[in-house]
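Asks: So that we are looking at the same thing, I have put the structure below in structure tokens.
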Amino acid sequence: MKRLSGMIAVALLMLSAGALALDLDSAKSQGLVGEQPNGYLGVVKATPEAVELAQDINTRRRQAYERIARENGITIEQVATLAGQRAISRAESGTYIRTPEGQWVER
Amino acid sequence: MPRTLHSIRRILPWLLIALLAFVLLLLMLAWLLWPASLRVEGVSWGRETGLQVQRLTWTEDGCQRLVGEQLRLSGIRSLTRPATGSLTATLETLVVTPCDAAGEMPGETPEKTPDGISLPRLPALTITIDALHLDTPATTDLPGIRVTGTQSAGHWTLDASQGRSHVAGALDAAGDWTLEAQLFLPDWHADLIGQLRLQGTGVLTEDAWRGALRLQGRELGHAAQPQRAAASAQWDIDQGDWSLLATLDAPLALTAGWHLQAHEALRARGDLTSVTALALNLTATGPQGEVALQLDTDAPDAASGAGTLRLRGPEMQSPEVESPETGAPDLHGEIPLTWEGQTLTLAPAAIHWGEALHLSWSAPLLIPLAAEGATTISAQLRYYDKKAGETYDDVRLETRDSRLSWTGGNWRWAGLLRLAGDYQGYAVNARWQGEVDPEGLSGAPLTAKVAGDDLALTITAPVTAMRSPEWATRASFSGHYLPDQPGAWPVSGTVSASQRSGDWRGVLAATSRLPFYDQGGEIAAQLPWRLGADASAGAQLFIDRGATLHISRGVISEGLEEAVLIRPQRYTANRALRLDATGIHGPIGVRAEGLTASRWVLPLVEGTLTLQGLGGEAALSVAAWQSALQLRARPHANGGVAGDIVLDTPLMADMSRGLPVTLTRGQLSAALDWHWQDALAANGWFRVNDLGVDMGGIVARGGAGRVALQLQEGDVRLTSDGPLRLATLDVGTTVRNIQTQVSTDLDSWQFSDIRAEVLGGEVLAPALHWPADDFQTVVITRIDMDRVAGMQADPVVQLAGRVGGYLPVQLGRNSLAVQGGRLANEEMLALMLLPGASVRAMRDANRAVQIAMDALSTLLINEFSARLDMTADGWLDAAVTIRGNNPQQRLPVVFNYTHKENILVLLRSLRIGDDIQRQVMDQQPVPGW
């Protein structure tokens with residue numbers, strides 16, 4: 001039963017992430033938001049919509065990081081840093097990523 | 001009977017004639033009075049009372065010149081039979097209203113002065129008016145004057161009285177007249193003191209009229225002031241030519257603290273149409289300054305002369321004149337004047353009000369001395385105020401060849417006004433052309449431009465609605481804030497104004513955008529305002545209750561180091577707000593819908609902002625967080641602004657979205673006194689209770705402590721007030737009862753009295769300084785080896801006994817080093833290897849290991865010692881010596897072991913292993929990947 005509940009939760013999370021993906025992809029391609037080394041989305045071009053989108057995505061990411069960190073006995077920040085490395089390495093061409101020095105560059 | 005009929009026949013013709021004559025008299029009277037608009041009401045006749053009229057009015061050209069009530073005429077028979085007595089007329093009240101001269105053409109030459117006056121021959125008559133009133137603004141409140149006039153055989157008398165004042169005059173048949181009056185000034189005005197005596201004699205005949213009047217005043221003054229003066233005047237007139245000599249022996253107290261002083265006798269001559277000679281030298285002195293008028297003329301036949309009007313403010317007055325300080329700027333200037341005929345000429349002059357305001361005209365101003373006339377005005381009003389440094393205010397209001405005309409009580413100005421200059425760093429230009437009269441303004445809209453580094457505005461104000469009594473206008477303005485910046489922020493709106501019930505009211509409606517917003521942040525203000533007079537404080541400007549200011553959603557790119565979305569804000573005047581030189585006073589309701597950044601959110605904030613000029617206070621709450629904030633600010637006695645902040649809030653997970661830790665519980669309270677003068681200084685404390693923090697795999701509970709905060713010239717100092725405590729810290733094993741005291745400037749941290757319970761023992765340190773180059777000792781004691789063994793995920797060894805020692809540590813900013821650390825057993829230790837796959841595998845590796853592990857399989861340890869060193873880059877050198885025996889084999893054991901490993905690499909591999917990396921990188925559905 002516990003396993004079933006977990007699967008349902010994961011499925012719902014994946015569905016919600018998918019529903020946001022279009023908007024997020026659009027925002028990334030327009031250069032409104034970009035990936036950062038800290039594992040969270042950053043706002044490249046400040047618009048109300050970009051800030052709201054980043055806030056929504058980052059809230060969900062943090063929940064996921066917290067759960068992973070709790071399950072593995074490490075800190076949220078460590079998980080987020082790993083996630084940031086992964087997101088930047090997989091960033092598509094034409095989108096913005098943030099350097100460790102804090103500069104936004106187009107990939 | 002026949003005798004009676006005979007008598008009737010004899011008088012009947014006379015009766016008919018008398019009746020006819022009476023009718024003709026009435027018709028003639030009506031014919032005479034009809035054009036004069038004499039109207040009578042309530043006419044009745046009584047044998048005893050005579051003719052009675054309840055009310056009579058005399059109206060001419062729409063002006064009600066006379067209104068009389070209760071007129072009684074008796075003794076009418078004396079008109080035909082003088083021997084029967086005199087005609088008597090009595091009036092209860094008579095109101096006389098001075099009207100503008102009708103039909104007189106301006107500038108019309110009056111008729112030649114008559115040689116004398118011939119009074120008509122009238123039957124004896126007596127006229128009595130119980131209350132005579134003169135209906136003018138100055139005399140409305142005066143009580144009625146009782147007047148009695150008589151005439152008999154050409155001898156006239158007049159008697160008038162009011163209170164103690166009395167006037168008596170007489171004119172005999174030969175034309176000699178006398179006048180005697182005694183006037184007590186308090187009868188006429190409560191503020192006036194003293195009495196006047198008037199005596200006159202003269203002649204008034206058909207061929208000549210002349211006379212002399214002598215006026216003497218005693219104890220003259222103002223009731224509120226101690227000064228008293230005596231005055232005298234002699235007025236002689238002969239066939240219209242007159243002369244006047246008046247003296248004042250001491251300053252005469254006037255109203256409002258003013259005094260009038262005559263430096264020499266006033267001498268004047270003239271005729272019935274003009275003043276032909278005049279010499280006076282008067283000075284009026286009051287709280288606002290001094291006005292001196294000196295005139296002198298002695299033209300042979302025409303009115304001409306010269307003089308000076310001198311204005312001096314209180315600080316420039318003669319030292320012998322006492323004058324209270326008013327704080328008002330000094331008014332001073334000198335205006336040479338001349339007059340010729342009926343034209344007064346004011347020579348070019350300047351009048352200064354303080355150091356800043358100057359009124360001047362460079363060409364003579366010619367002013368007709370007539371009830372109707374016109375003059376051309378070219379003048380300039382300049383405001384000049386030199387500020388510190390190179391800045392100054394210099395604004396000039398000019399008119400050239402504008403025309404001021406007047407007729408009777410009406411006047412009209414027509415022309416062009418230009419305003420130009422610099423004020424408060426703004427270039428100001430305005431222009432208006434039109435006409436002004438007592439009823440209002442007419443002409444083109446007023447246009448103005450204001451331009452500066454941060455503001456450029458164009459203002460247009462139509463004047464067509466500026467009419468008495470409301471004087472309404474609705475000006476519109478538009479422009480830009482920071483006009484020279486890229487994408488200047490537009491400012492536009494309207495401001496209406498009108499006068500009602502003595503107050504000026506209107507609405508300021510404006511739109512703009514906050515300059516520090518990168519997007520959005522449009523401002524819409526709807527501010528009803530009122531300029532009302534207050535008895536104690538003078539004119540006061542108010543923004544009425546219900547005024548609103550709305551700021552729409554917007555974004556600041558670099559707000560708090562990242563983009564911040566500021567949700568809509570609404571500010572509402574809960575009551576009328578008062579504006580003065582210090583600022584706004586009153587309560588404002590605040591509803592700010594919060595902030596959103598990429599990683600954190602501030603929910604809806606509501607509360608009240610109470611402004612008190614330069615200070616104020618705010619009481620704000622965040623309902624979603626159950627947080628309350630109180631903030632006060634006020635001007636500080638030594639300069640700047642000071643205040644305090646009080647915060648009380650629970651701690652919860654929603655607050656920590658942007659933090660590397662999650663606040664799971666707790667309560668935060670803070671109180672802070674602050675002072676801002678070029679820099680922020682603060683002094684206060686904050687306290688945390690029942691703090692719970694979750695860092696993922698590391699969980700802390702039961703945090704508590706109080707920390708004092710000092711901020712001075714940019715330097716922060718935090719000092720714990722008593723120990724900071726943490727009940728538990730779960731890092732895989734649980735550390736309990738952690739406590740320390742701390743003092744830091746956020747760069748250097750000093751911990752003292754450090755204590756923690758771990759693995760059944762304690763970790764102690766008297767003081768630790770981070771960062772530091774020195775090696776600082778940490779003491780470890782009573783570590784329970786059984787609990788250490790319990791940390792094994794797959795147990796291979798069982799331990800018993802306790803270990804302690806010390807570790808000299810070097811706490812670098814990003815490193816940790818140990819030098820000369822020592823650990824030793826504090827009691828007998830026991831060790832037993834547990835059967836298991838890993839142990840078997842090691843045992844089976846080779847024979848030597850098997851022998852060693854057999855010896856160590858069960859071991860009682862008498863002596864355990866370990867030497868530990870670790871460099872800052874993580875390389876650990878450990879040397880362990882174990883002395884004991886294997887009780888099963890009765891075998892003494894001495895075990896020496898050395899080990900070298902990089903601890904940082906080891907920890908990284910242990911804590912973030914391949915499984916975790918894989919979980920994070922590949923499997924977890926993290927949004928946005």
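Here's how to read the names in the structure tokens: chain A, B, ... by the order shown, residue numbers from 1 in each chain, ligand numbers from 1 in the order shown.
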Give me the residues within 12 Å of range 673-681 of chain B as a list of chain:residue names, counting only C-alpha atoms and dropping any in the same chain fewer than 5 places off.
Replies: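 In the requested format, the answer is B:Gln630, B:Leu631, B:Arg632, B:Ala633, B:Arg634, B:Pro635, B:His636, B:Ala637, B:Asn638, B:Gly639, B:Gly640, B:Val641, B:Ala642, B:Gly643, B:Asp644, B:Ile645, B:Val646, B:Leu647, B:Phe686, B:Ala708, B:Leu709, B:Gln710, B:Leu711, B:Gln712, B:Glu713, B:Gly714, B:Asp715, B:Val716, B:Arg717.
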Asks: Write out as a ChimeraX atom specification every residue belonging to chain A that has an atom at most 7 Å from any atom of chain B, counting only C-alpha atoms.
Replies: /A:14,17,21,24,42-43,46-48,51,54-55,57-61,64,66,69-77,83,86-87
Asks: Would you mind telling me which residue in A:Arg62, A:Gln78, A:Ser89, A:Trp104 lies nearest to Lys45 in chain A when using only C-alpha atoms?
Replies: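 Smallest distance to Lys45 in chain A is found for A:Trp104.
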Asks: What's the separation between CA of Ser512 in chain B and CA of Leu595 in chain B, in Å to one decimal place?
Replies: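 These two atoms are separated by 20.8 Å.
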Asks: Do you know which residues are at most 8 Å from Leu66 in chain B counting only C-alpha atoms, after dropping those on the same chain fewer than 6 positions away, and could you put them as a list in words?
Replies: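 My reading of the contact set: Leu56, Thr57, Trp58, Thr59, Leu94, Val95, Val96 and Thr97 of chain B.
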Asks: Write a file of the just-selected residues containing C-alpha atoms, as a CSV table (one decimal), in the first residue's frame.
Replies:
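Final file, part24.csv:
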```
chain,number,residue,atom,x,y,z
B,56,LEU,CA,-42.8,104.4,2.9
B,57,THR,CA,-39.9,103.6,0.6
B,58,TRP,CA,-38.1,105.7,-1.9
B,59,THR,CA,-36.3,103.8,-4.6
B,94,LEU,CA,-35.8,105.9,9.0
B,95,VAL,CA,-33.0,104.0,7.2
B,96,VAL,CA,-30.9,106.0,4.7
B,97,THR,CA,-28.9,104.1,2.2
```
Asks: CA of Gly761 in chain B to CA of Val803 in chain B: how many Å, to one decimal?
Replies: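 Taking CA of Gly761 in chain B as the start and CA of Val803 in chain B as the end point, the length is 8.6 Å.
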Asks: Can you tell me which residues surround Leu32 in chain A at a distance of at most 6 Å, considering only C-alpha atoms, apart from same-chain residues fewer than 4 positions away, and format the answer as a list in words?
Replies: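 My list of contacting residues is Ala27, Lys28, Val44, Lys45 and Ala50 of chain A.
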Asks: Could those selected residues go to a file with C-alpha atoms, as a CSV table (one decimal), in the first residue's frame?
Replies:
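Listing of result05.csv after writing:
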```csv
chain,number,residue,atom,x,y,z
A,27,ALA,CA,10.3,30.8,-21.1
A,28,LYS,CA,13.7,29.3,-21.4
A,44,VAL,CA,17.2,36.3,-16.7
A,45,LYS,CA,14.8,38.9,-18.0
A,50,ALA,CA,9.0,34.9,-15.5
```
Asks: Find, counting only C-alpha atoms, the residue in A:Gly34, A:Gly39, A:Ile68, A:Glu49 that gets nearest to Leu82 in chain A.
Replies: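 Ranking A:Gly34, A:Gly39, A:Ile68, A:Glu49 by distance to Leu82 in chain A, first place goes to A:Gly39.
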